[in-house]
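*Asks:* Sending over a structure as structure tokens; questions will come in a sec.
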Amino acid sequence: MKLQLLWNLLLILSALAILCGLIALLFKIFGKRIRRTRLVLLCTAVLAAYILTGIFVAYLRHPTVSQSYQNSLDFSAFYGDSPGKERVALVPTNQAALEERLRLFSLAEYRIVLSTFDFVADNSGLDVIASLYAAAERGVQVEIVADGFNALQKMDGEPHFQTLAAHPNVKLMIYNPVNLLKPWELMGRLHDKYIIVDNTYLLLGGRNTNDYFLGSYPSDLYSRDMEVLVYGGGEALEQVEAYFRQICALDCTRPYGGAKENGEIQEALLQRAESLRTTYPQCYTNYDYIAHTHPASRITLPSNPIHTGAKEPWVLWGLTQLMADAKEQVLFHTPYVICNETMYDSLREIAEAVPDARLVLNSVETAANLFGAVVYSKERGRILETGFDLYEYYSQEPGVSSHMKAALIDNRRCIVGSFNLDMRSAYLDTETILVIDSPELAADLSAHMAQMEASSGHVTEDGVQVPEGIAVPEIPFFRRALLALLRLIERPIRFLM
């Protein structure tokens, strides 16, 4: 591990040296003719060096889980002897996810909380914005927190977000807004995705708020994802509520700075909210949540530290401990695998302890995350060496990949949340997962996982065994070229991807 850290540091310093050398060469070639340009280039080089150094010094080292945290985690809390107050259901499709949001927002009487990593004012995003605005109009208090990096790209200056934020019943907050003067905080991102409505409903999983994850609007790319609905209030909702309050209280969580009233957009949002009632009438009528949910004996919220620096891998540690404790089976779905030695060791421990340990992730052909695809193409053999049965998902629909982060343990405990099996989720981002003790929910999750496994190839040392009737997608030339390029440069920045 120390040798790898030194090697990464050497590569970074070499890149900086090359950058400085190129600038010096330009100075020598063009001389006095570009004095002003030289100054700009020099300032840019200094800023780039400052940012890169800040990022790599702050996040290159991966902390270990402290003994105090290990002692504080009570694993008996993940089990229950009898059904509790809370009831649960899976939300397995993008269309169902959009409809569930519309239903929950229409049911809200006094409060809505939305935490999202990525929020875009596209078709489904506007559906959400309009529904939240309509709820605020009828007196519901709406609180939203979004990640600062994505807010900079997609929310700052966007008139629909400005209008939403200007409503007196809406509080829009940004976690860790991008500040290039503090590069040691840049990689700390908010990756949580959950919704709380009143004290009754909780929706948590891996979906962001845009067309890629919600609804069925025309798009070139879609994800297959998973969320879990918790109905009835109880401990899980209280835990997520307390977690949200901690996020809001941080110094790095600040109000959205672009609130601006716009009468034209206000009217458009209210009209859109009204049109949704016509398009989705089933979301605005009485809905029997008892009939559509299962009992749960216990629901628990493991989460990562919430500060912006390099984090102790609390979720990773708790998750792998739960898996290693399985008696018969662990099924683990993750979009991609980007591991360090500690993570590989954990996978080996699980595979040695559990008779049936299976890992399903996107194939290189299907993966939406190019860095994930590149790392997998290079690390497939190392994943096999852990002892997990490895499966590659081949979507039979163009542009569709898996974004599901879920695990099933002994057909009883379900784990659904925002956590990817990568170093970013382990050490950099905020992450939340729900551990649910419910055999009935486990049966639903098992059936959904089986559908995906039926479209997956079984990876062995001899190659990939693809089920009959399943086509392996072709990789377009441009994507192949890009993957080849990323293979050359991904190693020193792998822990950030």
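By order of appearance in the structure tokens: chains A, B, ..., then residues from 1 within every chain, and ligands from 1 in the order shown.
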Report as a PyMOL selection string: the residues of range 203-434 of chain A with a DSSP assignment of strand (DSSP E or B), based on the backbone of this structure.
*Replies:* chain A and resi 203-205+209+222-224+227-231+253-255+294-295+298-300+303+329-333+337-338+356-362+389-393+400-402+406-409+413-417+421-422+430+432-434
*Asks:* Leaving out Leu172 in chain A and any residue of its chain fewer than 6 positions from it, which residues lie within 6 Å of it when counting only C-alpha atoms, given as a compact mmCIF listing (two decimals) with N, CA and C atoms, in the first residue's frame?
*Replies:*
# COMPACT_ATOMS: atom_id res chain seq x y z
N ILE A 144 -34.35 21.37 0.75
CA ILE A 144 -33.58 20.64 -0.26
C ILE A 144 -32.10 20.86 0.02
N ALA A 165 -36.11 28.46 -5.27
CA ALA A 165 -35.41 28.91 -4.06
C ALA A 165 -35.99 30.21 -3.51
N TYR A 256 -28.44 28.34 -1.17
CA TYR A 256 -28.32 28.57 -2.60
C TYR A 256 -28.34 30.07 -2.84
*Asks:* Residues near Ala268 in chain A, anyone? I mean within 12 Å using only C-alpha atoms, not counting same-chain ones fewer than 2 positions away, as a list in words.
*Replies:* Leu126, Asp127, Ile129, Ala130, Ser131, Tyr133, Ala134, Pro159, His160, Thr163, Leu164, Asn262, Gly263, Glu264, Ile265, Gln266, Leu270, Gln271, Arg272, Ala273, Glu274 and Ser275 of chain A
*Asks:* Please, could you write that set of residues out with N, CA, C and O atoms as a PDB file, in the first residue's frame?
*Replies:*
ATOM      1  N   LEU A 126     -37.914  18.904 -13.944  1.00  0.00           N
ATOM      2  CA  LEU A 126     -38.946  19.937 -13.896  1.00  0.00           C
ATOM      3  C   LEU A 126     -40.233  19.411 -13.270  1.00  0.00           C
ATOM      4  O   LEU A 126     -40.954  20.160 -12.585  1.00  0.00           O
ATOM      5  N   ASP A 127     -40.528  18.132 -13.485  1.00  0.00           N
ATOM      6  CA  ASP A 127     -41.685  17.537 -12.807  1.00  0.00           C
ATOM      7  C   ASP A 127     -41.518  17.625 -11.290  1.00  0.00           C
ATOM      8  O   ASP A 127     -42.455  17.958 -10.557  1.00  0.00           O
ATOM      9  N   ILE A 129     -39.437  19.734  -9.629  1.00  0.00           N
ATOM     10  CA  ILE A 129     -39.433  21.150  -9.231  1.00  0.00           C
ATOM     11  C   ILE A 129     -40.860  21.683  -9.159  1.00  0.00           C
ATOM     12  O   ILE A 129     -41.251  22.363  -8.200  1.00  0.00           O
ATOM     13  N   ALA A 130     -41.662  21.380 -10.184  1.00  0.00           N
ATOM     14  CA  ALA A 130     -43.040  21.866 -10.220  1.00  0.00           C
ATOM     15  C   ALA A 130     -43.856  21.305  -9.061  1.00  0.00           C
ATOM     16  O   ALA A 130     -44.643  22.031  -8.429  1.00  0.00           O
ATOM     17  N   SER A 131     -43.674  20.020  -8.767  1.00  0.00           N
ATOM     18  CA  SER A 131     -44.425  19.405  -7.666  1.00  0.00           C
ATOM     19  C   SER A 131     -44.005  19.986  -6.318  1.00  0.00           C
ATOM     20  O   SER A 131     -44.846  20.197  -5.440  1.00  0.00           O
ATOM     21  N   TYR A 133     -42.780  23.027  -5.909  1.00  0.00           N
ATOM     22  CA  TYR A 133     -43.271  24.405  -5.882  1.00  0.00           C
ATOM     23  C   TYR A 133     -44.764  24.439  -5.547  1.00  0.00           C
ATOM     24  O   TYR A 133     -45.218  25.275  -4.744  1.00  0.00           O
ATOM     25  N   ALA A 134     -45.525  23.504  -6.138  1.00  0.00           N
ATOM     26  CA  ALA A 134     -46.957  23.439  -5.842  1.00  0.00           C
ATOM     27  C   ALA A 134     -47.196  23.091  -4.371  1.00  0.00           C
ATOM     28  O   ALA A 134     -48.117  23.634  -3.741  1.00  0.00           O
ATOM     29  N   PRO A 159     -32.975  29.377 -14.111  1.00  0.00           N
ATOM     30  CA  PRO A 159     -34.120  30.149 -13.625  1.00  0.00           C
ATOM     31  C   PRO A 159     -35.155  29.349 -12.850  1.00  0.00           C
ATOM     32  O   PRO A 159     -35.817  29.893 -11.960  1.00  0.00           O
ATOM     33  N   HIS A 160     -35.325  28.047 -13.144  1.00  0.00           N
ATOM     34  CA  HIS A 160     -36.304  27.250 -12.395  1.00  0.00           C
ATOM     35  C   HIS A 160     -35.853  27.034 -10.955  1.00  0.00           C
ATOM     36  O   HIS A 160     -36.664  27.100 -10.023  1.00  0.00           O
ATOM     37  N   THR A 163     -36.217  30.355  -9.114  1.00  0.00           N
ATOM     38  CA  THR A 163     -37.612  30.609  -8.758  1.00  0.00           C
ATOM     39  C   THR A 163     -38.040  29.736  -7.586  1.00  0.00           C
ATOM     40  O   THR A 163     -38.723  30.210  -6.663  1.00  0.00           O
ATOM     41  N   LEU A 164     -37.660  28.464  -7.617  1.00  0.00           N
ATOM     42  CA  LEU A 164     -37.991  27.565  -6.503  1.00  0.00           C
ATOM     43  C   LEU A 164     -37.381  28.076  -5.204  1.00  0.00           C
ATOM     44  O   LEU A 164     -38.038  28.129  -4.160  1.00  0.00           O
ATOM     45  N   ASN A 262     -39.557  35.003 -10.432  1.00  0.00           N
ATOM     46  CA  ASN A 262     -39.837  35.141 -11.853  1.00  0.00           C
ATOM     47  C   ASN A 262     -41.288  34.711 -12.069  1.00  0.00           C
ATOM     48  O   ASN A 262     -41.614  33.522 -12.044  1.00  0.00           O
ATOM     49  N   GLY A 263     -42.159  35.687 -12.261  1.00  0.00           N
ATOM     50  CA  GLY A 263     -43.577  35.402 -12.373  1.00  0.00           C
ATOM     51  C   GLY A 263     -43.925  34.473 -13.507  1.00  0.00           C
ATOM     52  O   GLY A 263     -44.813  33.620 -13.391  1.00  0.00           O
ATOM     53  N   GLU A 264     -43.235  34.603 -14.622  1.00  0.00           N
ATOM     54  CA  GLU A 264     -43.499  33.752 -15.778  1.00  0.00           C
ATOM     55  C   GLU A 264     -43.203  32.292 -15.463  1.00  0.00           C
ATOM     56  O   GLU A 264     -43.989  31.388 -15.789  1.00  0.00           O
ATOM     57  N   ILE A 265     -42.065  32.056 -14.800  1.00  0.00           N
ATOM     58  CA  ILE A 265     -41.686  30.683 -14.466  1.00  0.00           C
ATOM     59  C   ILE A 265     -42.554  30.145 -13.335  1.00  0.00           C
ATOM     60  O   ILE A 265     -42.908  28.955 -13.324  1.00  0.00           O
ATOM     61  N   GLN A 266     -42.928  30.988 -12.399  1.00  0.00           N
ATOM     62  CA  GLN A 266     -43.861  30.556 -11.352  1.00  0.00           C
ATOM     63  C   GLN A 266     -45.137  30.005 -11.962  1.00  0.00           C
ATOM     64  O   GLN A 266     -45.617  28.923 -11.583  1.00  0.00           O
ATOM     65  N   LEU A 270     -46.570  26.040 -11.924  1.00  0.00           N
ATOM     66  CA  LEU A 270     -47.891  25.676 -11.411  1.00  0.00           C
ATOM     67  C   LEU A 270     -48.727  24.994 -12.496  1.00  0.00           C
ATOM     68  O   LEU A 270     -49.477  24.040 -12.208  1.00  0.00           O
ATOM     69  N   GLN A 271     -48.595  25.444 -13.733  1.00  0.00           N
ATOM     70  CA  GLN A 271     -49.301  24.792 -14.825  1.00  0.00           C
ATOM     71  C   GLN A 271     -48.778  23.377 -15.051  1.00  0.00           C
ATOM     72  O   GLN A 271     -49.549  22.447 -15.313  1.00  0.00           O
ATOM     73  N   ARG A 272     -47.468  23.226 -14.938  1.00  0.00           N
ATOM     74  CA  ARG A 272     -46.887  21.889 -15.102  1.00  0.00           C
ATOM     75  C   ARG A 272     -47.361  20.962 -13.987  1.00  0.00           C
ATOM     76  O   ARG A 272     -47.694  19.794 -14.234  1.00  0.00           O
ATOM     77  N   ALA A 273     -47.384  21.471 -12.753  1.00  0.00           N
ATOM     78  CA  ALA A 273     -47.862  20.666 -11.630  1.00  0.00           C
ATOM     79  C   ALA A 273     -49.305  20.235 -11.848  1.00  0.00           C
ATOM     80  O   ALA A 273     -49.679  19.085 -11.542  1.00  0.00           O
ATOM     81  N   GLU A 274     -50.123  21.125 -12.399  1.00  0.00           N
ATOM     82  CA  GLU A 274     -51.521  20.775 -12.661  1.00  0.00           C
ATOM     83  C   GLU A 274     -51.631  19.748 -13.783  1.00  0.00           C
ATOM     84  O   GLU A 274     -52.455  18.820 -13.717  1.00  0.00           O
ATOM     85  N   SER A 275     -50.797  19.880 -14.811  1.00  0.00           N
ATOM     86  CA  SER A 275     -50.850  18.928 -15.923  1.00  0.00           C
ATOM     87  C   SER A 275     -50.416  17.530 -15.488  1.00  0.00           C
ATOM     88  O   SER A 275     -50.876  16.523 -16.047  1.00  0.00           O
TER      89      SER A 275
END
*Asks:* So which one's closest to Tyr217 in chain A, A:Asp122, A:Asp389, A:Asp410, A:Glu241? Using only C-alpha atoms, please.
*Replies:*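 Nearest to Tyr217 in chain A: A:Asp122.
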*Asks:* Between A:Thr366, A:Ser216, A:Ser425, A:Thr116, which one has atoms that come closest to Lys193 in chain A, using only C-alpha atoms?
*Replies:*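 So, comparing all the options, the nearest one is A:Thr116.
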*Asks:* Any idea what's packed within 10 Å of range 340-343 of chain A, counting only C-alpha atoms, ignoring anything in its chain fewer than 4 positions away? Could you give it as a list in words?
*Replies:*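 Using only C-alpha atoms, the neighbours found are Met1, Gln4, His62, Thr64, Leu316, Trp317, Thr320, Leu347, Arg348, Glu349, Leu421, Asp422, Met423, Ala426, Arg494 and Phe495 of chain A.
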*Asks:* Skipping near chain neighbours, those fewer than 4 positions away, what residues fall within 7 Å of Tyr201 in chain A using only C-alpha atoms, listed as a PyMOL selection string?
*Replies:* chain A and resi 196-197+230-233
*Asks:* Write a file of the selected residues as an mmCIF file, in the first residue's frame, keeping C-alpha atoms.
*Replies:*
data_model
loop_
_atom_site.group_PDB
_atom_site.id
_atom_site.type_symbol
_atom_site.label_atom_id
_atom_site.label_comp_id
_atom_site.auth_asym_id
_atom_site.auth_seq_id
_atom_site.Cartn_x
_atom_site.Cartn_y
_atom_site.Cartn_z
ATOM 1 C CA ILE A 196 -38.697 12.483 3.753
ATOM 2 C CA VAL A 197 -42.367 13.484 3.730
ATOM 3 C CA VAL A 230 -40.368 3.066 4.127
ATOM 4 C CA TYR A 231 -43.913 3.762 5.313
ATOM 5 C CA GLY A 232 -45.225 4.453 8.797
ATOM 6 C CA GLY A 233 -42.513 6.557 10.399
#
*Asks:* Would you please give, as a ChimeraX atom specification, all residues of range 31-171 of chain A that DSSP assigns to helix (DSSP H, G or I) based on the backbone?
*Replies:* /A:31-59,67-72,75-78,94-107,123-137,148-154,159-166
*Asks:* Write out as a short mmCIF file (atom, residue, chain, number, x, y, z; two decimals) with all heavy atoms, in the first residue's frame which residues come within 12 Å of Gly258 in chain A when counting only C-alpha atoms, dropping same-chain ones fewer than 3 positions away.
*Replies:*
data_model
loop_
_atom_site.label_atom_id
_atom_site.label_comp_id
_atom_site.auth_asym_id
_atom_site.auth_seq_id
_atom_site.Cartn_x
_atom_site.Cartn_y
_atom_site.Cartn_z
N ALA A 151 -24.27 21.37 -8.38
CA ALA A 151 -25.00 22.64 -8.34
C ALA A 151 -24.31 23.69 -9.20
O ALA A 151 -24.97 24.47 -9.90
CB ALA A 151 -25.13 23.12 -6.90
N LEU A 152 -22.99 23.73 -9.15
CA LEU A 152 -22.24 24.69 -9.96
C LEU A 152 -22.50 24.47 -11.45
O LEU A 152 -22.66 25.43 -12.22
CB LEU A 152 -20.74 24.54 -9.67
CG LEU A 152 -19.79 25.41 -10.51
CD1 LEU A 152 -20.00 26.89 -10.21
CD2 LEU A 152 -18.33 25.01 -10.26
N MET A 155 -27.26 24.02 -11.54
CA MET A 155 -28.27 24.76 -10.79
C MET A 155 -27.99 26.25 -10.73
O MET A 155 -28.91 27.06 -10.73
CB MET A 155 -28.37 24.18 -9.37
CG MET A 155 -28.83 22.73 -9.32
SD MET A 155 -28.77 22.00 -7.66
CE MET A 155 -30.08 22.91 -6.84
N ASP A 156 -26.71 26.62 -10.66
CA ASP A 156 -26.36 28.03 -10.55
C ASP A 156 -26.83 28.79 -11.80
O ASP A 156 -26.48 28.42 -12.94
CB ASP A 156 -24.85 28.21 -10.39
CG ASP A 156 -24.39 27.84 -8.99
OD1 ASP A 156 -25.24 27.42 -8.18
OD2 ASP A 156 -23.18 27.96 -8.71
N GLY A 157 -27.61 29.84 -11.60
CA GLY A 157 -28.09 30.65 -12.71
C GLY A 157 -29.25 30.05 -13.47
O GLY A 157 -29.76 30.67 -14.41
N GLU A 158 -29.70 28.86 -13.10
CA GLU A 158 -30.80 28.21 -13.80
C GLU A 158 -32.11 28.80 -13.26
O GLU A 158 -32.38 28.74 -12.06
CB GLU A 158 -30.75 26.70 -13.57
CG GLU A 158 -31.39 25.88 -14.67
CD GLU A 158 -32.90 26.01 -14.69
OE1 GLU A 158 -33.51 26.06 -13.59
OE2 GLU A 158 -33.48 26.07 -15.78
N PRO A 159 -32.98 29.38 -14.11
CA PRO A 159 -34.12 30.15 -13.63
C PRO A 159 -35.16 29.35 -12.85
O PRO A 159 -35.82 29.89 -11.96
CB PRO A 159 -34.72 30.74 -14.91
CG PRO A 159 -34.16 29.94 -16.04
CD PRO A 159 -32.82 29.47 -15.57
N HIS A 160 -35.33 28.05 -13.14
CA HIS A 160 -36.30 27.25 -12.39
C HIS A 160 -35.85 27.03 -10.95
O HIS A 160 -36.66 27.10 -10.02
CB HIS A 160 -36.55 25.92 -13.10
CG HIS A 160 -37.15 26.05 -14.46
ND1 HIS A 160 -36.39 26.18 -15.59
CD2 HIS A 160 -38.45 26.11 -14.85
CE1 HIS A 160 -37.18 26.29 -16.64
NE2 HIS A 160 -38.44 26.27 -16.23
N PHE A 161 -34.55 26.78 -10.78
CA PHE A 161 -34.03 26.65 -9.41
C PHE A 161 -34.07 27.99 -8.69
O PHE A 161 -34.35 28.06 -7.49
CB PHE A 161 -32.61 26.08 -9.43
CG PHE A 161 -32.54 24.64 -9.82
CD1 PHE A 161 -31.94 24.24 -11.01
CD2 PHE A 161 -33.09 23.66 -9.00
CE1 PHE A 161 -31.88 22.91 -11.36
CE2 PHE A 161 -33.03 22.31 -9.35
CZ PHE A 161 -32.43 21.94 -10.53
N GLN A 162 -33.76 29.06 -9.40
CA GLN A 162 -33.82 30.39 -8.80
C GLN A 162 -35.24 30.70 -8.31
O GLN A 162 -35.42 31.24 -7.21
CB GLN A 162 -33.37 31.44 -9.82
CG GLN A 162 -31.90 31.38 -10.17
CD GLN A 162 -31.52 32.39 -11.23
OE1 GLN A 162 -32.32 32.71 -12.11
NE2 GLN A 162 -30.31 32.93 -11.15
N THR A 163 -36.22 30.35 -9.11
CA THR A 163 -37.61 30.61 -8.76
C THR A 163 -38.04 29.74 -7.59
O THR A 163 -38.72 30.21 -6.66
CB THR A 163 -38.52 30.36 -9.97
OG1 THR A 163 -38.11 31.20 -11.04
CG2 THR A 163 -39.97 30.63 -9.64
N LEU A 164 -37.66 28.46 -7.62
CA LEU A 164 -37.99 27.57 -6.50
C LEU A 164 -37.38 28.08 -5.20
O LEU A 164 -38.04 28.13 -4.16
CB LEU A 164 -37.49 26.16 -6.82
CG LEU A 164 -37.74 25.09 -5.74
CD1 LEU A 164 -39.22 24.85 -5.54
CD2 LEU A 164 -37.03 23.78 -6.11
N ALA A 165 -36.11 28.46 -5.27
CA ALA A 165 -35.41 28.91 -4.06
C ALA A 165 -35.99 30.21 -3.51
O ALA A 165 -35.86 30.50 -2.31
CB ALA A 165 -33.92 29.09 -4.35
N ALA A 166 -36.63 31.01 -4.37
CA ALA A 166 -37.18 32.29 -3.93
C ALA A 166 -38.50 32.15 -3.19
O ALA A 166 -38.95 33.11 -2.55
CB ALA A 166 -37.36 33.21 -5.14
N LEU A 172 -33.43 26.02 -0.01
CA LEU A 172 -32.53 25.28 -0.89
C LEU A 172 -31.10 25.50 -0.43
O LEU A 172 -30.62 26.64 -0.40
CB LEU A 172 -32.73 25.73 -2.34
CG LEU A 172 -31.79 25.12 -3.40
CD1 LEU A 172 -31.81 23.61 -3.36
CD2 LEU A 172 -32.18 25.63 -4.78
N MET A 173 -30.41 24.41 -0.09
CA MET A 173 -29.06 24.47 0.45
C MET A 173 -28.09 23.69 -0.42
O MET A 173 -28.47 22.72 -1.09
CB MET A 173 -29.03 23.94 1.88
CG MET A 173 -29.87 24.74 2.86
SD MET A 173 -30.26 23.81 4.37
CE MET A 173 -31.45 22.63 3.74
N ILE A 174 -26.84 24.11 -0.40
CA ILE A 174 -25.79 23.48 -1.20
C ILE A 174 -24.69 22.98 -0.26
O ILE A 174 -24.16 23.74 0.55
CB ILE A 174 -25.19 24.47 -2.22
CG1 ILE A 174 -26.30 25.06 -3.10
CG2 ILE A 174 -24.13 23.77 -3.06
CD1 ILE A 174 -27.10 24.06 -3.89
N ARG A 254 -24.42 25.63 2.70
CA ARG A 254 -24.79 27.05 2.63
C ARG A 254 -26.03 27.25 1.76
O ARG A 254 -26.30 26.44 0.88
CB ARG A 254 -23.62 27.86 2.06
CG ARG A 254 -22.40 27.79 2.96
CD ARG A 254 -21.18 28.36 2.32
NE ARG A 254 -20.01 28.11 3.13
CZ ARG A 254 -18.77 28.28 2.72
NH1 ARG A 254 -18.54 28.73 1.51
NH2 ARG A 254 -17.75 28.02 3.53
N PRO A 255 -26.74 28.35 1.97
CA PRO A 255 -27.93 28.62 1.16
C PRO A 255 -27.56 28.79 -0.31
O PRO A 255 -26.50 29.31 -0.65
CB PRO A 255 -28.47 29.92 1.75
CG PRO A 255 -27.89 30.02 3.11
CD PRO A 255 -26.55 29.36 3.04
N GLU A 261 -37.15 35.76 -7.92
CA GLU A 261 -38.54 35.58 -8.31
C GLU A 261 -38.70 35.84 -9.82
O GLU A 261 -38.09 36.73 -10.37
CB GLU A 261 -39.44 36.52 -7.53
CG GLU A 261 -39.56 36.15 -6.05
CD GLU A 261 -40.62 36.98 -5.35
OE1 GLU A 261 -41.29 37.79 -6.03
OE2 GLU A 261 -40.78 36.81 -4.13
#
*Asks:* Give the answer as one residue: which of A:Ala136, A:Cys248, A:Val228, A:Ile475 has the shortest atom-to-atom distance to Asn176 in chain A, using only C-alpha atoms?
*Replies:* A:Cys248
